[in-house]
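Undergrad: Structure incoming, see below.
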Amino acid sequence: MRMLRKIGENLHFALTILLAIGLVPALLAAKLPIRFDWPRLLETFWLGLNIQSVFFASLLYIICFPIRETIQPLWRRYWNQKVRFLILFLLFVQLYLLFGLTAFLFLSVVAVAILELAERTRNQPGGFGRALFSFLIPATYWFIGLFLVFILNQAVIAVRPHRANDAVLNRLDSWILFGATVSELAHKAFTALPLMLYRFLDLLYFAMFAQAGGALIIIGLRIGRERALQFVATVLTAGYIALAIYFLWPSLSPFYTCPAHFEILPKALLSYSVQQQLLAYVTLLREGGKLGEIGTGYFIAFPCMHIATPVVALWFLRQWRRLAVTLLGLDILLCAAIVLLEYHYVVDLIGGVAVAALAIAMVDGRE
């Protein structure tokens, strides 16, 4: 039993290596170019995601941990050395002038968080560098695994038929939803619910990535790099299982096959443009169109990694009750966003939870 547990804990390393070795042959078999849109990949999954993750981790830290630990030490330090307020003000002005209001709101929180982390770790063993590496090293491994899954899932959809599997998922959903389908529910909701609510659900859907990154940062800083690596290993194991299922039984999101989706989905939502780009991209892949380089397309419907990843995060953050309850509430709303924006079937969500549970059982060796 101990040997099986050890294999499960470290299987992700072998899978990462095997997927990396098989990357080029898979692209050649799918007749896809061995060229990648590195600026987009790095901007989306490294720079942008890191900034969002620090922002989200900061908010969670302030909301879910005692004020005597979060705000009070920072305020006391600045109040006792008031020149810090001037420095911070000048920094904020510079950020606003360079990046505009929206980016300023994110970057100002990130800047204060990084400065505060440097201040609090100055006299600790290893200092600021050790604190950064507690989550940056796991984040780097995560980026590698995420890159492999994103690229290889495109090779699968380029060569494997999926429509029959989509129909099966739709029928399963109709049993769960008492005869209704995700598309029918979503269309009724589009006409009944206010646009402001849909803007919130849209934001919540894309904030999942920042939620997972924020969880990684908190785990790394509060427990250590080893536990942060274990969290990343669990998420990647779930992702690799999802990729294997996708290869054997590929399926796409409901919006791909819904003829009226873009007539009803509000154009003001980010999901509208993102889904149109994904639809155009998957059409290019499926029809063998000329593709200059591989981008950031992700098409795995079943199982849903958009809920599997938060479930893994909840497991690793469960020791902080307020934090876990806050994320659980967000994730319940996230399930609504996933369905009402037609990103996944309900069955996909059930599959995502199951895959997360399997990955946790395999990787997390703690009793």
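Labeling convention for the structure tokens: chains A, B, ... as they appear, residues from 1 per chain, ligands from 1 in order of appearance.
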Please list as an MDAnalysis selection string every residue within 10 Å of stretch 213-220 of chain A, counting only C-alpha atoms and excluding residues in the same chain fewer than 3 positions away.
TA: chainID A and resid 49:61 131:139 142 207:210 223:232 310 312:314 316:317 323 327
Undergrad: Would you mind listing what lies within 12 Å of stretch 275-291 of chain A as number ranges by chain, with only C-alpha atoms counted and same-chain residues fewer than 2 positions away left out?
TA: A: 27, 30-37, 153-163, 202, 251-259, 261-263, 265-267, 269-273, 293-300, 341-343
Undergrad: Closest to A:Ile245 among A:Leu115, A:Ala301, A:Ala26, A:Leu86, using only C-alpha atoms?
TA: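 Going through A:Leu115, A:Ala301, A:Ala26, A:Leu86 one by one, the smallest distance to A:Ile245 is for A:Ala301.
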Undergrad: Given the choices A:Leu23, A:Leu334, A:Met196, A:Ala238, which gets closest to A:Ala359 if the distance is worked out from only C-alpha atoms?
TA: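 Between A:Leu23, A:Leu334, A:Met196, A:Ala238, the residue approaching A:Ala359 most closely is A:Ala238.
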Undergrad: Nearest to A:Ala192 among A:Thr234, A:Ile264, A:Phe147, A:Arg322, with distances taken over only C-alpha atoms: which residue is it?
TA: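 Of the candidates, the smallest distance to A:Ala192 is held by A:Ile264.
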Undergrad: Return the single residue from A:Ile63, A:Leu18, A:Leu148, A:Leu90 that is closest to A:Leu236, with distances computed using only C-alpha atoms.
TA: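 The answer is A:Leu148, which sits nearest to A:Leu236.
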Undergrad: Looking at A:Ala113, A:Val149, A:Ala189, A:Val355, which one is nearest to A:Thr70, with distances taken over only C-alpha atoms?
TA: A:Ala113
